[in-house]
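Step one of this worksheet: look at the structure below.
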Amino acid sequence: MNTRAQQLQAFDRLLTIMDELREQCPWDKKQTMETLRHLTIEETYELGDAILDNDLQEIKKELGDVLLHIVFYSKIGSETEAFDIADVCNGICEKLIDRHPHIYGDVKVENEEDVKRNWENLKLKEGNKSVLQGVPNSLPALVKASRIQEKVSGVGFDWEEPHQVWDKVEEELAELKVEIDKGNQKEMENEFGDVLFSLVNYARFLKINPENALERTNKKFKKRFEYLEAQAALINKPLKDMTLAEMDVFWEEAKKM
């Protein structure tokens, strides 16, 4: 692997290229933080896909794209003297040092849970009015539910045993069934949300990332369905003209693959 000197040289090269592009490229000169925002979100999701696929070469590529955006925002910030890349780096360094008193101070911890608890308590001491203040409103609902539960757990608001969480899942399922039987659409939606929230909480106790788990299932389903479509095309029979039994033959083949 590269030495620290080579790593710093590579980072300096990126900063120099960013300076040149901002000065000379019509597209780069035109960009603002607002115009870059949606592209940054897209790059982050592409990195997430590569991680789930365990594609190390693609992860390397997507990390470069994300890093470019960080450098780009920092360059724009420097143009109004609001901040530059050094401020960004020093800011996160100070934050990491402050949030790890068990490494850079005299605080003692026994395990990962102690670290998480200290982290949330330190954030409150820094001025956060709520432990949930750091959960972005724009997060996808499933990710947001997971982060909310992790945050409140960090300050002790949590179940003690996994079976208690599963009991809550079953309770919410029963309440959903009641509303389904009544046919009350609004209450069905409310109870369905409670079921999902409880399942996300149970996933945490099982040490399962619910977003990753669901996305892997999405990918698995997509791959199997595309196989089904391909096989239907080979026999020149549109899916709409096939029976479920006929489609299930190809579906089972896909599962075995």
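Chain lettering (A, B, ...) mirrors the order of the structure tokens, residue numbering begins at 1 for each chain separately, and ligand numbering begins at 1 in order of display.
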Next on the checklist: Neighbouring residues of stretch 20-26 of chain A were defined as those with any atom within 12 Å, considering only C-alpha atoms; residues of the same chain fewer than 2 positions away were excluded. Please report them as a VMD selection string.
Outcome noted: chain A and resid 13 to 18 28 to 32 68 71 to 76 78 to 79
Checklist entry - Running DSSP on the backbone, which parts of stretch 1-197 of chain A land in helix (DSSP H, G or I), as a ChimeraX atom specification? => result /A:4-24,26-30,33-52,56-79,85-99,101-104,112-125,141-153,162-182,185-197
Next on the checklist: Rounded to one decimal, what separation in Å do you get between atom CA of A:Arg117 and atom CA of A:Tyr104?
Outcome noted: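 Going from atom CA of A:Arg117 over to atom CA of A:Tyr104 covers 16.7 Å.
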Next on the checklist: Quick check, in Å to one decimal: how far apart do atom CA of A:Arg99 and atom CA of A:Lys123 lie?
Outcome noted: 8.2 Å
Item to check | Length of the atom CA of A:Glu171 to atom CA of A:Gly193 vector [Å] | outcome: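 Distance reported for this atom pair: 13.0 Å.
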Item to check | Non-local contacts of A:Asn121 (9 Å; only C-alpha atoms; under 4 positions in same chain excluded) as number ranges by chain | outcome: A: 116-117, 125-126, 131, 154-155
Just the selected residues (N, CA, C and O atoms), exported as a PDB file, in the first residue's frame, please.
```pdb
ATOM      1  N   LYS A 116     -20.927   4.215  22.653  1.00  0.00           N
ATOM      2  CA  LYS A 116     -22.106   4.843  22.062  1.00  0.00           C
ATOM      3  C   LYS A 116     -22.813   5.748  23.068  1.00  0.00           C
ATOM      4  O   LYS A 116     -23.248   6.860  22.739  1.00  0.00           O
ATOM      5  N   ARG A 117     -22.928   5.266  24.309  1.00  0.00           N
ATOM      6  CA  ARG A 117     -23.606   6.038  25.346  1.00  0.00           C
ATOM      7  C   ARG A 117     -22.852   7.336  25.631  1.00  0.00           C
ATOM      8  O   ARG A 117     -23.447   8.405  25.741  1.00  0.00           O
ATOM      9  N   LYS A 125     -24.064  17.578  25.884  1.00  0.00           N
ATOM     10  CA  LYS A 125     -23.247  18.575  26.591  1.00  0.00           C
ATOM     11  C   LYS A 125     -22.746  19.662  25.646  1.00  0.00           C
ATOM     12  O   LYS A 125     -22.488  20.785  26.049  1.00  0.00           O
ATOM     13  N   GLU A 126     -22.589  19.295  24.354  1.00  0.00           N
ATOM     14  CA  GLU A 126     -22.118  20.266  23.361  1.00  0.00           C
ATOM     15  C   GLU A 126     -23.197  21.245  22.935  1.00  0.00           C
ATOM     16  O   GLU A 126     -22.935  22.190  22.194  1.00  0.00           O
ATOM     17  N   VAL A 131     -31.378  14.201  21.720  1.00  0.00           N
ATOM     18  CA  VAL A 131     -30.515  13.167  21.144  1.00  0.00           C
ATOM     19  C   VAL A 131     -30.916  12.880  19.701  1.00  0.00           C
ATOM     20  O   VAL A 131     -30.137  12.312  18.935  1.00  0.00           O
ATOM     21  N   GLY A 154     -28.918   4.838  22.983  1.00  0.00           N
ATOM     22  CA  GLY A 154     -27.650   5.336  23.494  1.00  0.00           C
ATOM     23  C   GLY A 154     -27.765   6.066  24.818  1.00  0.00           C
ATOM     24  O   GLY A 154     -26.770   6.218  25.529  1.00  0.00           O
ATOM     25  N   VAL A 155     -28.989   6.535  25.145  1.00  0.00           N
ATOM     26  CA  VAL A 155     -29.179   7.205  26.439  1.00  0.00           C
ATOM     27  C   VAL A 155     -30.049   6.366  27.376  1.00  0.00           C
ATOM     28  O   VAL A 155     -30.589   6.876  28.354  1.00  0.00           O
TER      29      VAL A 155
END
```
What's around stretch 195-205 of chain A at 12 Å? Count only C-alpha atoms, leave out sequence neighbours fewer than 5 positions away in its own chain, and write the answer as a PDB file with N, CA and C atoms, in the first residue's frame.
```pdb
ATOM      1  N   ALA A 141     -37.286   6.715   5.240  1.00  0.00           N
ATOM      2  CA  ALA A 141     -38.003   6.359   6.463  1.00  0.00           C
ATOM      3  C   ALA A 141     -37.395   5.154   7.187  1.00  0.00           C
ATOM      4  N   LEU A 142     -36.983   4.134   6.433  1.00  0.00           N
ATOM      5  CA  LEU A 142     -36.445   2.930   7.075  1.00  0.00           C
ATOM      6  C   LEU A 142     -35.124   3.240   7.776  1.00  0.00           C
ATOM      7  N   VAL A 143     -34.268   3.999   7.116  1.00  0.00           N
ATOM      8  CA  VAL A 143     -32.993   4.379   7.713  1.00  0.00           C
ATOM      9  C   VAL A 143     -33.233   5.286   8.917  1.00  0.00           C
ATOM     10  N   LYS A 144     -34.185   6.211   8.774  1.00  0.00           N
ATOM     11  CA  LYS A 144     -34.484   7.142   9.859  1.00  0.00           C
ATOM     12  C   LYS A 144     -34.978   6.394  11.101  1.00  0.00           C
ATOM     13  N   ALA A 145     -35.851   5.405  10.909  1.00  0.00           N
ATOM     14  CA  ALA A 145     -36.350   4.622  12.048  1.00  0.00           C
ATOM     15  C   ALA A 145     -35.209   3.932  12.775  1.00  0.00           C
ATOM     16  N   SER A 146     -34.287   3.379  12.006  1.00  0.00           N
ATOM     17  CA  SER A 146     -33.138   2.695  12.595  1.00  0.00           C
ATOM     18  C   SER A 146     -32.261   3.658  13.385  1.00  0.00           C
ATOM     19  N   ARG A 147     -31.997   4.833  12.823  1.00  0.00           N
ATOM     20  CA  ARG A 147     -31.148   5.820  13.499  1.00  0.00           C
ATOM     21  C   ARG A 147     -31.830   6.367  14.746  1.00  0.00           C
ATOM     22  N   ILE A 148     -33.140   6.603  14.692  1.00  0.00           N
ATOM     23  CA  ILE A 148     -33.872   7.080  15.863  1.00  0.00           C
ATOM     24  C   ILE A 148     -33.731   6.089  17.013  1.00  0.00           C
ATOM     25  N   GLN A 149     -33.907   4.817  16.699  1.00  0.00           N
ATOM     26  CA  GLN A 149     -33.843   3.796  17.739  1.00  0.00           C
ATOM     27  C   GLN A 149     -32.436   3.641  18.300  1.00  0.00           C
ATOM     28  N   GLU A 150     -31.441   3.752  17.457  1.00  0.00           N
ATOM     29  CA  GLU A 150     -30.057   3.700  17.926  1.00  0.00           C
ATOM     30  C   GLU A 150     -29.758   4.872  18.848  1.00  0.00           C
ATOM     31  N   LYS A 151     -30.256   6.058  18.465  1.00  0.00           N
ATOM     32  CA  LYS A 151     -29.994   7.264  19.255  1.00  0.00           C
ATOM     33  C   LYS A 151     -30.602   7.160  20.654  1.00  0.00           C
ATOM     34  N   VAL A 152     -31.877   6.792  20.742  1.00  0.00           N
ATOM     35  CA  VAL A 152     -32.519   6.751  22.060  1.00  0.00           C
ATOM     36  C   VAL A 152     -31.966   5.612  22.909  1.00  0.00           C
ATOM     37  N   SER A 153     -31.541   4.547  22.244  1.00  0.00           N
ATOM     38  CA  SER A 153     -30.904   3.446  22.977  1.00  0.00           C
ATOM     39  C   SER A 153     -29.620   3.914  23.637  1.00  0.00           C
ATOM     40  N   ASP A 158     -34.576   1.933  26.120  1.00  0.00           N
ATOM     41  CA  ASP A 158     -34.501   0.717  25.308  1.00  0.00           C
ATOM     42  C   ASP A 158     -35.109  -0.450  26.056  1.00  0.00           C
ATOM     43  N   TRP A 159     -35.415  -1.503  25.304  1.00  0.00           N
ATOM     44  CA  TRP A 159     -35.848  -2.756  25.901  1.00  0.00           C
ATOM     45  C   TRP A 159     -34.632  -3.461  26.502  1.00  0.00           C
ATOM     46  N   GLU A 160     -34.907  -4.342  27.452  1.00  0.00           N
ATOM     47  CA  GLU A 160     -33.809  -5.046  28.108  1.00  0.00           C
ATOM     48  C   GLU A 160     -33.458  -6.347  27.409  1.00  0.00           C
ATOM     49  N   GLU A 161     -34.470  -7.048  26.881  1.00  0.00           N
ATOM     50  CA  GLU A 161     -34.253  -8.363  26.273  1.00  0.00           C
ATOM     51  C   GLU A 161     -34.899  -8.439  24.893  1.00  0.00           C
ATOM     52  N   PRO A 162     -34.296  -9.194  23.969  1.00  0.00           N
ATOM     53  CA  PRO A 162     -34.863  -9.323  22.620  1.00  0.00           C
ATOM     54  C   PRO A 162     -36.303  -9.838  22.607  1.00  0.00           C
ATOM     55  N   HIS A 163     -36.639 -10.755  23.535  1.00  0.00           N
ATOM     56  CA  HIS A 163     -37.985 -11.332  23.498  1.00  0.00           C
ATOM     57  C   HIS A 163     -39.044 -10.269  23.783  1.00  0.00           C
ATOM     58  N   GLN A 164     -38.666  -9.213  24.526  1.00  0.00           N
ATOM     59  CA  GLN A 164     -39.611  -8.128  24.788  1.00  0.00           C
ATOM     60  C   GLN A 164     -39.933  -7.374  23.498  1.00  0.00           C
ATOM     61  N   VAL A 165     -38.921  -7.225  22.656  1.00  0.00           N
ATOM     62  CA  VAL A 165     -39.121  -6.530  21.386  1.00  0.00           C
ATOM     63  C   VAL A 165     -39.990  -7.369  20.460  1.00  0.00           C
ATOM     64  N   TRP A 166     -39.744  -8.688  20.454  1.00  0.00           N
ATOM     65  CA  TRP A 166     -40.566  -9.555  19.608  1.00  0.00           C
ATOM     66  C   TRP A 166     -42.011  -9.571  20.094  1.00  0.00           C
ATOM     67  N   ASP A 167     -42.219  -9.523  21.396  1.00  0.00           N
ATOM     68  CA  ASP A 167     -43.578  -9.431  21.939  1.00  0.00           C
ATOM     69  C   ASP A 167     -44.262  -8.167  21.420  1.00  0.00           C
ATOM     70  N   LYS A 168     -43.500  -7.087  21.325  1.00  0.00           N
ATOM     71  CA  LYS A 168     -44.052  -5.826  20.809  1.00  0.00           C
ATOM     72  C   LYS A 168     -44.408  -5.963  19.329  1.00  0.00           C
ATOM     73  N   VAL A 169     -43.577  -6.676  18.567  1.00  0.00           N
ATOM     74  CA  VAL A 169     -43.883  -6.917  17.154  1.00  0.00           C
ATOM     75  C   VAL A 169     -45.213  -7.665  17.033  1.00  0.00           C
ATOM     76  N   GLU A 170     -45.374  -8.708  17.827  1.00  0.00           N
ATOM     77  CA  GLU A 170     -46.610  -9.499  17.774  1.00  0.00           C
ATOM     78  C   GLU A 170     -47.812  -8.666  18.201  1.00  0.00           C
ATOM     79  N   GLU A 171     -47.608  -7.805  19.203  1.00  0.00           N
ATOM     80  CA  GLU A 171     -48.693  -6.918  19.652  1.00  0.00           C
ATOM     81  C   GLU A 171     -49.114  -5.980  18.529  1.00  0.00           C
ATOM     82  N   GLU A 172     -48.136  -5.410  17.827  1.00  0.00           N
ATOM     83  CA  GLU A 172     -48.446  -4.488  16.740  1.00  0.00           C
ATOM     84  C   GLU A 172     -49.108  -5.221  15.570  1.00  0.00           C
ATOM     85  N   LEU A 173     -48.686  -6.453  15.315  1.00  0.00           N
ATOM     86  CA  LEU A 173     -49.313  -7.242  14.252  1.00  0.00           C
ATOM     87  C   LEU A 173     -50.789  -7.509  14.575  1.00  0.00           C
ATOM     88  N   ALA A 174     -51.057  -7.813  15.842  1.00  0.00           N
ATOM     89  CA  ALA A 174     -52.445  -8.063  16.262  1.00  0.00           C
ATOM     90  C   ALA A 174     -53.291  -6.808  16.094  1.00  0.00           C
ATOM     91  N   GLU A 175     -52.718  -5.657  16.429  1.00  0.00           N
ATOM     92  CA  GLU A 175     -53.450  -4.400  16.281  1.00  0.00           C
ATOM     93  C   GLU A 175     -53.699  -4.083  14.808  1.00  0.00           C
ATOM     94  N   LEU A 176     -52.731  -4.420  13.961  1.00  0.00           N
ATOM     95  CA  LEU A 176     -52.927  -4.226  12.525  1.00  0.00           C
ATOM     96  C   LEU A 176     -54.052  -5.106  12.019  1.00  0.00           C
ATOM     97  N   LYS A 177     -54.083  -6.355  12.479  1.00  0.00           N
ATOM     98  CA  LYS A 177     -55.129  -7.299  12.043  1.00  0.00           C
ATOM     99  C   LYS A 177     -56.514  -6.779  12.422  1.00  0.00           C
ATOM    100  N   MET A 188     -55.253   1.412   9.431  1.00  0.00           N
ATOM    101  CA  MET A 188     -54.411   0.334   8.901  1.00  0.00           C
ATOM    102  C   MET A 188     -53.009   0.863   8.605  1.00  0.00           C
ATOM    103  N   GLU A 189     -52.961   2.056   7.997  1.00  0.00           N
ATOM    104  CA  GLU A 189     -51.666   2.649   7.681  1.00  0.00           C
ATOM    105  C   GLU A 189     -50.881   2.963   8.952  1.00  0.00           C
ATOM    106  N   ASN A 190     -51.570   3.506   9.955  1.00  0.00           N
ATOM    107  CA  ASN A 190     -50.904   3.813  11.224  1.00  0.00           C
ATOM    108  C   ASN A 190     -50.327   2.557  11.859  1.00  0.00           C
ATOM    109  N   PRO A 210     -31.410  -3.176   8.960  1.00  0.00           N
ATOM    110  CA  PRO A 210     -32.633  -3.420   8.185  1.00  0.00           C
ATOM    111  C   PRO A 210     -32.573  -2.874   6.768  1.00  0.00           C
ATOM    112  N   GLU A 211     -31.908  -1.743   6.586  1.00  0.00           N
ATOM    113  CA  GLU A 211     -31.773  -1.172   5.238  1.00  0.00           C
ATOM    114  C   GLU A 211     -30.975  -2.102   4.338  1.00  0.00           C
ATOM    115  N   ASN A 212     -29.847  -2.608   4.843  1.00  0.00           N
ATOM    116  CA  ASN A 212     -29.037  -3.544   4.069  1.00  0.00           C
ATOM    117  C   ASN A 212     -29.791  -4.832   3.785  1.00  0.00           C
ATOM    118  N   ALA A 213     -30.503  -5.326   4.794  1.00  0.00           N
ATOM    119  CA  ALA A 213     -31.242  -6.579   4.632  1.00  0.00           C
ATOM    120  C   ALA A 213     -32.312  -6.445   3.556  1.00  0.00           C
ATOM    121  N   LEU A 214     -33.064  -5.339   3.597  1.00  0.00           N
ATOM    122  CA  LEU A 214     -34.127  -5.139   2.610  1.00  0.00           C
ATOM    123  C   LEU A 214     -33.551  -4.926   1.222  1.00  0.00           C
TER     124      LEU A 214
END
```
Which stretch 63-143 of chain A residues have any atom within 10 Å of an atom of stretch 41-51 of chain A, and for each, what is the nearest pair of atoms with distance in Å to one decimal, counting only C-alpha atoms, rows sorted by chain and number, as JSON lines?
```
{"residue": "A:Leu63", "atom": "CA", "partner": "A:Leu47", "partner_atom": "CA", "distance": 6.7}
{"residue": "A:Gly64", "atom": "CA", "partner": "A:Leu47", "partner_atom": "CA", "distance": 9.7}
{"residue": "A:Asp65", "atom": "CA", "partner": "A:Glu43", "partner_atom": "CA", "distance": 6.6}
{"residue": "A:Val66", "atom": "CA", "partner": "A:Glu43", "partner_atom": "CA", "distance": 6.2}
{"residue": "A:Leu67", "atom": "CA", "partner": "A:Glu43", "partner_atom": "CA", "distance": 10.0}
{"residue": "A:His69", "atom": "CA", "partner": "A:Glu43", "partner_atom": "CA", "distance": 8.9}
```
Checklist entry - For A:Met242, which of A:Ala254, A:Val109, A:Leu228, A:Ile103 is the closest residue, counting only C-alpha atoms? => result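 So, comparing all the options, the nearest one is A:Leu228.
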